[in-house]
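Structure file upload.txt (compact mmCIF, N, CA and C atoms) follows.
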```
# COMPACT_ATOMS: atom_id res chain seq x y z
N MET H 180 7.25 -28.33 5.67
CA MET H 180 6.74 -27.06 5.21
C MET H 180 6.71 -26.10 6.39
N SER H 181 6.94 -24.86 6.14
CA SER H 181 7.00 -23.83 7.17
C SER H 181 5.62 -23.51 7.71
N ASN H 182 5.57 -23.20 9.00
CA ASN H 182 4.32 -22.77 9.62
C ASN H 182 4.14 -21.26 9.53
N ALA H 183 5.08 -20.57 8.94
CA ALA H 183 5.02 -19.11 8.86
C ALA H 183 3.76 -18.69 8.10
N THR H 184 3.21 -17.57 8.51
CA THR H 184 2.03 -17.05 7.83
C THR H 184 2.40 -15.81 7.04
N HIS H 185 1.62 -15.56 6.03
CA HIS H 185 1.84 -14.39 5.18
C HIS H 185 1.32 -13.13 5.88
N THR H 186 1.69 -11.99 5.35
CA THR H 186 1.20 -10.71 5.84
C THR H 186 -0.30 -10.65 5.62
N PRO H 187 -1.09 -10.33 6.65
CA PRO H 187 -2.54 -10.25 6.48
C PRO H 187 -2.91 -9.18 5.44
N GLY H 188 -3.98 -9.42 4.73
CA GLY H 188 -4.46 -8.46 3.74
C GLY H 188 -5.33 -7.41 4.36
N PRO H 189 -5.87 -6.54 3.57
CA PRO H 189 -5.71 -6.53 2.12
C PRO H 189 -4.35 -6.00 1.71
N TRP H 190 -3.89 -6.47 0.56
CA TRP H 190 -2.64 -5.97 -0.02
C TRP H 190 -3.01 -5.00 -1.13
N GLY H 191 -2.09 -4.11 -1.43
CA GLY H 191 -2.28 -3.19 -2.55
C GLY H 191 -1.11 -3.28 -3.50
N CYS H 192 -1.28 -2.72 -4.65
CA CYS H 192 -0.21 -2.63 -5.64
C CYS H 192 -0.17 -1.18 -6.08
N CYS H 193 0.97 -0.55 -5.91
CA CYS H 193 1.05 0.86 -6.27
C CYS H 193 2.31 1.15 -7.07
N TYR H 194 2.22 2.17 -7.88
CA TYR H 194 3.35 2.63 -8.68
C TYR H 194 4.23 3.51 -7.83
N THR H 195 5.53 3.35 -7.98
CA THR H 195 6.46 4.23 -7.30
C THR H 195 7.34 4.87 -8.36
N SER H 196 7.68 6.10 -8.17
CA SER H 196 8.46 6.82 -9.18
C SER H 196 9.96 6.62 -8.99
N ASN H 197 10.34 5.68 -8.13
CA ASN H 197 11.77 5.44 -7.92
C ASN H 197 12.47 4.95 -9.18
N HIS H 198 11.76 4.19 -9.98
CA HIS H 198 12.31 3.65 -11.23
C HIS H 198 11.23 3.76 -12.30
N ALA H 199 11.62 3.64 -13.52
CA ALA H 199 10.69 3.87 -14.63
C ALA H 199 9.43 3.01 -14.57
N HIS H 200 9.58 1.73 -14.27
CA HIS H 200 8.43 0.82 -14.28
C HIS H 200 8.41 0.02 -12.99
N ASP H 201 8.35 0.69 -11.88
CA ASP H 201 8.49 0.03 -10.60
C ASP H 201 7.17 0.05 -9.84
N TYR H 202 6.68 -1.13 -9.51
CA TYR H 202 5.47 -1.27 -8.71
C TYR H 202 5.84 -1.98 -7.42
N ARG H 203 5.14 -1.68 -6.36
CA ARG H 203 5.38 -2.27 -5.06
C ARG H 203 4.09 -2.85 -4.52
N LEU H 204 4.22 -3.98 -3.85
CA LEU H 204 3.12 -4.51 -3.08
C LEU H 204 3.13 -3.82 -1.73
N THR H 205 1.95 -3.44 -1.25
CA THR H 205 1.89 -2.70 0.00
C THR H 205 0.89 -3.31 0.97
N LYS H 206 1.13 -3.04 2.24
CA LYS H 206 0.21 -3.39 3.31
C LYS H 206 -0.90 -2.33 3.32
N PRO H 207 -1.96 -2.54 4.11
CA PRO H 207 -3.03 -1.54 4.17
C PRO H 207 -2.54 -0.14 4.56
N ASN H 208 -1.47 -0.05 5.34
CA ASN H 208 -0.96 1.26 5.75
C ASN H 208 0.05 1.82 4.74
N PHE H 209 0.18 1.18 3.59
CA PHE H 209 1.06 1.56 2.48
C PHE H 209 2.54 1.29 2.74
N ASP H 210 2.88 0.62 3.85
CA ASP H 210 4.26 0.15 4.02
C ASP H 210 4.50 -0.94 2.98
N THR H 211 5.74 -1.07 2.53
CA THR H 211 6.07 -2.08 1.53
C THR H 211 5.96 -3.47 2.14
N LEU H 212 5.34 -4.36 1.40
CA LEU H 212 5.13 -5.73 1.85
C LEU H 212 6.46 -6.47 1.92
N PRO H 213 6.70 -7.25 2.97
CA PRO H 213 7.95 -7.99 3.08
C PRO H 213 8.07 -9.09 2.03
N VAL H 214 8.42 -8.75 0.89
CA VAL H 214 8.85 -9.61 -0.21
C VAL H 214 9.59 -8.69 -1.15
N ASN H 215 9.19 -7.43 -1.19
CA ASN H 215 9.87 -6.42 -1.98
C ASN H 215 10.98 -5.75 -1.18
N ALA H 216 10.82 -5.68 0.11
CA ALA H 216 11.71 -4.88 0.94
C ALA H 216 12.43 -5.76 1.96
N PRO H 217 13.58 -5.32 2.41
CA PRO H 217 14.28 -6.07 3.45
C PRO H 217 13.40 -6.22 4.69
N SER H 218 13.51 -7.35 5.33
CA SER H 218 12.73 -7.61 6.52
C SER H 218 13.54 -8.51 7.44
N ASN H 219 13.37 -8.32 8.72
CA ASN H 219 14.03 -9.20 9.68
C ASN H 219 13.30 -10.52 9.80
N ASP H 220 12.07 -10.58 9.33
CA ASP H 220 11.27 -11.79 9.42
C ASP H 220 11.31 -12.53 8.09
N HIS H 221 12.33 -13.34 7.89
CA HIS H 221 12.47 -14.05 6.61
C HIS H 221 11.37 -15.09 6.42
N SER H 222 10.81 -15.62 7.50
CA SER H 222 9.73 -16.59 7.34
C SER H 222 8.49 -15.90 6.76
N GLU H 223 8.25 -14.64 7.15
CA GLU H 223 7.13 -13.90 6.58
C GLU H 223 7.39 -13.62 5.09
N GLN H 224 8.62 -13.30 4.74
CA GLN H 224 8.96 -13.08 3.33
C GLN H 224 8.68 -14.35 2.52
N ARG H 225 9.11 -15.50 3.03
CA ARG H 225 8.89 -16.77 2.31
C ARG H 225 7.39 -17.05 2.18
N ALA H 226 6.64 -16.81 3.26
CA ALA H 226 5.19 -17.05 3.20
C ALA H 226 4.53 -16.13 2.18
N ASN H 227 4.94 -14.86 2.13
CA ASN H 227 4.40 -13.94 1.13
C ASN H 227 4.76 -14.39 -0.27
N ALA H 228 5.99 -14.81 -0.47
CA ALA H 228 6.44 -15.27 -1.79
C ALA H 228 5.66 -16.50 -2.23
N ARG H 229 5.41 -17.44 -1.31
CA ARG H 229 4.62 -18.63 -1.67
C ARG H 229 3.21 -18.24 -2.09
N LEU H 230 2.61 -17.30 -1.38
CA LEU H 230 1.26 -16.86 -1.73
C LEU H 230 1.24 -16.19 -3.10
N ILE H 231 2.24 -15.36 -3.37
CA ILE H 231 2.33 -14.70 -4.68
C ILE H 231 2.54 -15.74 -5.78
N ALA H 232 3.38 -16.73 -5.52
CA ALA H 232 3.62 -17.77 -6.52
C ALA H 232 2.37 -18.59 -6.80
N ALA H 233 1.50 -18.74 -5.82
CA ALA H 233 0.27 -19.51 -5.99
C ALA H 233 -0.83 -18.70 -6.67
N ALA H 234 -0.65 -17.39 -6.80
CA ALA H 234 -1.71 -16.51 -7.31
C ALA H 234 -2.27 -16.95 -8.66
N PRO H 235 -1.45 -17.32 -9.65
CA PRO H 235 -2.04 -17.74 -10.93
C PRO H 235 -2.94 -18.96 -10.80
N ASP H 236 -2.56 -19.91 -9.95
CA ASP H 236 -3.39 -21.10 -9.74
C ASP H 236 -4.68 -20.74 -9.01
N LEU H 237 -4.57 -19.83 -8.04
CA LEU H 237 -5.75 -19.40 -7.31
C LEU H 237 -6.73 -18.67 -8.24
N LEU H 238 -6.20 -17.82 -9.11
CA LEU H 238 -7.04 -17.12 -10.07
C LEU H 238 -7.72 -18.11 -11.01
N ALA H 239 -6.97 -19.09 -11.51
CA ALA H 239 -7.56 -20.10 -12.40
C ALA H 239 -8.67 -20.87 -11.69
N ALA H 240 -8.49 -21.19 -10.43
CA ALA H 240 -9.53 -21.90 -9.67
C ALA H 240 -10.78 -21.04 -9.51
N LEU H 241 -10.58 -19.75 -9.22
CA LEU H 241 -11.74 -18.85 -9.09
C LEU H 241 -12.47 -18.69 -10.43
N GLU H 242 -11.71 -18.59 -11.51
CA GLU H 242 -12.35 -18.48 -12.83
C GLU H 242 -13.14 -19.74 -13.17
N TRP H 243 -12.61 -20.90 -12.78
CA TRP H 243 -13.33 -22.15 -12.99
C TRP H 243 -14.62 -22.16 -12.18
N LEU H 244 -14.53 -21.76 -10.91
CA LEU H 244 -15.73 -21.69 -10.06
C LEU H 244 -16.76 -20.74 -10.67
N ARG H 245 -16.29 -19.59 -11.15
CA ARG H 245 -17.21 -18.64 -11.79
C ARG H 245 -17.91 -19.28 -12.97
N ASP H 246 -17.14 -19.93 -13.83
CA ASP H 246 -17.70 -20.52 -15.04
C ASP H 246 -18.66 -21.67 -14.74
N GLU H 247 -18.39 -22.44 -13.69
CA GLU H 247 -19.20 -23.61 -13.38
C GLU H 247 -20.40 -23.31 -12.49
N TYR H 248 -20.27 -22.35 -11.57
CA TYR H 248 -21.29 -22.21 -10.53
C TYR H 248 -21.91 -20.82 -10.38
N CYS H 249 -21.36 -19.82 -11.04
CA CYS H 249 -21.92 -18.47 -10.92
C CYS H 249 -22.77 -18.15 -12.14
N GLU H 250 -23.36 -16.97 -12.13
CA GLU H 250 -24.13 -16.47 -13.26
C GLU H 250 -25.11 -17.51 -13.80
N GLY H 251 -26.11 -17.78 -12.98
CA GLY H 251 -27.14 -18.74 -13.37
C GLY H 251 -26.94 -20.12 -12.77
N GLY H 252 -25.83 -20.32 -12.09
CA GLY H 252 -25.55 -21.61 -11.48
C GLY H 252 -25.89 -21.63 -10.00
N ALA H 253 -25.33 -22.57 -9.30
CA ALA H 253 -25.65 -22.80 -7.89
C ALA H 253 -25.26 -21.63 -6.99
N LEU H 254 -24.28 -20.84 -7.37
CA LEU H 254 -23.84 -19.72 -6.54
C LEU H 254 -24.39 -18.38 -6.99
N ASP H 255 -25.25 -18.39 -7.99
CA ASP H 255 -25.79 -17.14 -8.55
C ASP H 255 -26.48 -16.31 -7.47
N GLY H 256 -26.04 -15.08 -7.31
CA GLY H 256 -26.66 -14.16 -6.37
C GLY H 256 -26.23 -14.34 -4.92
N THR H 257 -25.28 -15.21 -4.67
CA THR H 257 -24.86 -15.47 -3.29
C THR H 257 -23.64 -14.62 -2.91
N GLU H 258 -23.36 -14.60 -1.63
CA GLU H 258 -22.14 -13.94 -1.13
C GLU H 258 -20.91 -14.59 -1.74
N ALA H 259 -20.94 -15.90 -1.91
CA ALA H 259 -19.81 -16.61 -2.52
C ALA H 259 -19.55 -16.08 -3.93
N GLU H 260 -20.62 -15.90 -4.72
CA GLU H 260 -20.45 -15.37 -6.07
C GLU H 260 -19.86 -13.96 -6.02
N ARG H 261 -20.37 -13.13 -5.13
CA ARG H 261 -19.86 -11.76 -5.03
C ARG H 261 -18.37 -11.76 -4.72
N ARG H 262 -17.96 -12.61 -3.80
CA ARG H 262 -16.54 -12.66 -3.43
C ARG H 262 -15.67 -13.20 -4.56
N ILE H 263 -16.15 -14.21 -5.24
CA ILE H 263 -15.41 -14.77 -6.37
C ILE H 263 -15.22 -13.72 -7.45
N LEU H 264 -16.30 -13.03 -7.83
CA LEU H 264 -16.22 -12.03 -8.89
C LEU H 264 -15.35 -10.84 -8.47
N ALA H 265 -15.42 -10.44 -7.22
CA ALA H 265 -14.60 -9.32 -6.74
C ALA H 265 -13.12 -9.69 -6.74
N ALA H 266 -12.80 -10.90 -6.34
CA ALA H 266 -11.39 -11.33 -6.33
C ALA H 266 -10.83 -11.42 -7.74
N ILE H 267 -11.62 -11.93 -8.68
CA ILE H 267 -11.18 -12.00 -10.07
C ILE H 267 -10.96 -10.60 -10.62
N ALA H 268 -11.90 -9.70 -10.35
CA ALA H 268 -11.76 -8.31 -10.83
C ALA H 268 -10.51 -7.66 -10.25
N LYS H 269 -10.26 -7.85 -8.98
CA LYS H 269 -9.08 -7.25 -8.35
C LYS H 269 -7.80 -7.82 -8.97
N ALA H 270 -7.78 -9.12 -9.21
CA ALA H 270 -6.59 -9.74 -9.80
C ALA H 270 -6.33 -9.25 -11.21
N LYS H 271 -7.37 -8.89 -11.92
CA LYS H 271 -7.23 -8.45 -13.31
C LYS H 271 -7.20 -6.95 -13.46
N GLY H 272 -7.17 -6.22 -12.32
CA GLY H 272 -7.05 -4.77 -12.39
C GLY H 272 -8.35 -4.02 -12.53
N GLY H 273 -9.46 -4.71 -12.33
CA GLY H 273 -10.75 -4.05 -12.40
C GLY H 273 -11.22 -3.64 -11.02
N ALA H 274 -12.41 -3.12 -10.97
CA ALA H 274 -12.99 -2.72 -9.68
C ALA H 274 -13.21 -3.95 -8.82
N ALA H 275 -12.85 -3.83 -7.56
CA ALA H 275 -13.02 -4.97 -6.66
C ALA H 275 -14.25 -4.81 -5.82
```

Mind turning this structure into structure tokens?
Amino acid sequence: MSNATHTPGPWGCCYTSNHAHDYRLTKPNFDTLPVNAPSNDHSEQRANARLIAAAPDLLAALEWLRDEYCEGGALDGTEAERRILAAIAKAKGGAA
């Protein structure tokens, strides 16, 4: 497995008017994330792609944690709960 690391976050998702339904992943400075755009660092592209591919599983794990341990459970009112709920909201297009 590669030791390459992904582009540090936070990442954004923005609409671009280049095409009718075109969205781009962006770095904090709004440069296009190396998975959408050509990059000389192919290991970074692969690391970003792996992270994106894992996103559905990561979201499912966070939703499970929310259902099992938040809102009245062991993590209720904790920083962990706040982070879990914020990440789920961001993934689903809500306020983060």

Subject >> Proximity to Leu264 of chain H - best of H:Thr186, H:Ala232, H:Leu244, H:Gly252, only C-alpha atoms >> reply: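 Of the candidates, the smallest distance to Leu264 of chain H is held by H:Leu244.
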
Original post:
Pick the closest to Ala266 of chain H from H:Ala240, H:Glu223, H:Arg203, H:Glu250: which is it, counting only C-alpha atoms?
Top reply: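 Of the candidates, the smallest distance to Ala266 of chain H is held by H:Ala240.
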
**OP:** Check the DSSP output for the backbone and give back, as a list in words, the residues of chain H in strand (DSSP E).
**Re:**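 Reading the DSSP output for chain H, strand (DSSP E) covers Gly191, Cys192, Cys193, Tyr194, Thr195, Asp201, Tyr202, Arg203, Leu204 and Thr205 of chain H.
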
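The coordinates place atom CA of Gly191 of chain H at 5.9 Å from atom N of Lys206 of chain H.
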
Original post:
Could you pull the residues within 7 Å of Cys192 of chain H, counting only N, CA and C atoms, minus those fewer than 6 positions along the same chain, as a ChimeraX atom specification?
Top reply: /H:202-205

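With atom CA of His221 of chain H on one side and atom CA of Lys271 of chain H on the other, the separation reads 28.6 Å.
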
Where atoms are lacking, segment 217-238 of chain H completed to N, CA, C and O atoms, as a compact mmCIF listing (two decimals), in the frame of the given file:
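File part-v6.txt, as written:
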```
# COMPACT_ATOMS: atom_id res chain seq x y z
N PRO H 217 13.58 -5.32 2.41
CA PRO H 217 14.28 -6.07 3.45
C PRO H 217 13.40 -6.22 4.69
O PRO H 217 12.63 -5.32 5.03
N SER H 218 13.51 -7.35 5.33
CA SER H 218 12.73 -7.61 6.52
C SER H 218 13.54 -8.51 7.44
O SER H 218 14.31 -9.35 6.98
N ASN H 219 13.37 -8.32 8.72
CA ASN H 219 14.03 -9.20 9.68
C ASN H 219 13.30 -10.52 9.80
O ASN H 219 13.83 -11.48 10.33
N ASP H 220 12.07 -10.58 9.33
CA ASP H 220 11.27 -11.79 9.42
C ASP H 220 11.31 -12.53 8.09
O ASP H 220 10.43 -12.36 7.24
N HIS H 221 12.33 -13.34 7.89
CA HIS H 221 12.47 -14.05 6.61
C HIS H 221 11.37 -15.09 6.42
O HIS H 221 11.01 -15.40 5.29
N SER H 222 10.81 -15.62 7.50
CA SER H 222 9.73 -16.59 7.34
C SER H 222 8.49 -15.90 6.76
O SER H 222 7.77 -16.49 5.95
N GLU H 223 8.25 -14.64 7.15
CA GLU H 223 7.13 -13.90 6.58
C GLU H 223 7.39 -13.62 5.09
O GLU H 223 6.47 -13.73 4.26
N GLN H 224 8.62 -13.30 4.74
CA GLN H 224 8.96 -13.08 3.33
C GLN H 224 8.68 -14.35 2.52
O GLN H 224 8.09 -14.28 1.44
N ARG H 225 9.11 -15.50 3.03
CA ARG H 225 8.89 -16.77 2.31
C ARG H 225 7.39 -17.05 2.18
O ARG H 225 6.93 -17.49 1.13
N ALA H 226 6.64 -16.81 3.26
CA ALA H 226 5.19 -17.05 3.20
C ALA H 226 4.53 -16.13 2.18
O ALA H 226 3.65 -16.56 1.42
N ASN H 227 4.94 -14.86 2.13
CA ASN H 227 4.40 -13.94 1.13
C ASN H 227 4.76 -14.39 -0.27
O ASN H 227 3.92 -14.36 -1.18
N ALA H 228 5.99 -14.81 -0.47
CA ALA H 228 6.44 -15.27 -1.79
C ALA H 228 5.66 -16.50 -2.23
O ALA H 228 5.28 -16.62 -3.41
N ARG H 229 5.41 -17.44 -1.31
CA ARG H 229 4.62 -18.63 -1.67
C ARG H 229 3.21 -18.24 -2.09
O ARG H 229 2.68 -18.79 -3.06
N LEU H 230 2.61 -17.30 -1.38
CA LEU H 230 1.26 -16.86 -1.73
C LEU H 230 1.24 -16.19 -3.10
O LEU H 230 0.36 -16.46 -3.93
N ILE H 231 2.24 -15.36 -3.37
CA ILE H 231 2.33 -14.70 -4.68
C ILE H 231 2.54 -15.74 -5.78
O ILE H 231 1.91 -15.68 -6.84
N ALA H 232 3.38 -16.73 -5.52
CA ALA H 232 3.62 -17.77 -6.52
C ALA H 232 2.37 -18.59 -6.80
O ALA H 232 2.17 -19.06 -7.92
N ALA H 233 1.50 -18.74 -5.82
CA ALA H 233 0.27 -19.51 -5.99
C ALA H 233 -0.83 -18.70 -6.67
O ALA H 233 -1.84 -19.26 -7.10
N ALA H 234 -0.65 -17.39 -6.80
CA ALA H 234 -1.71 -16.51 -7.31
C ALA H 234 -2.27 -16.95 -8.66
O ALA H 234 -3.49 -16.95 -8.84
N PRO H 235 -1.45 -17.32 -9.65
CA PRO H 235 -2.04 -17.74 -10.93
C PRO H 235 -2.94 -18.96 -10.80
O PRO H 235 -4.00 -19.04 -11.43
N ASP H 236 -2.56 -19.91 -9.95
CA ASP H 236 -3.39 -21.10 -9.74
C ASP H 236 -4.68 -20.74 -9.01
O ASP H 236 -5.75 -21.28 -9.30
N LEU H 237 -4.57 -19.83 -8.04
CA LEU H 237 -5.75 -19.40 -7.31
C LEU H 237 -6.73 -18.67 -8.24
O LEU H 237 -7.94 -18.89 -8.18
N LEU H 238 -6.20 -17.82 -9.11
CA LEU H 238 -7.04 -17.12 -10.07
C LEU H 238 -7.72 -18.11 -11.01
O LEU H 238 -8.92 -18.01 -11.28
```
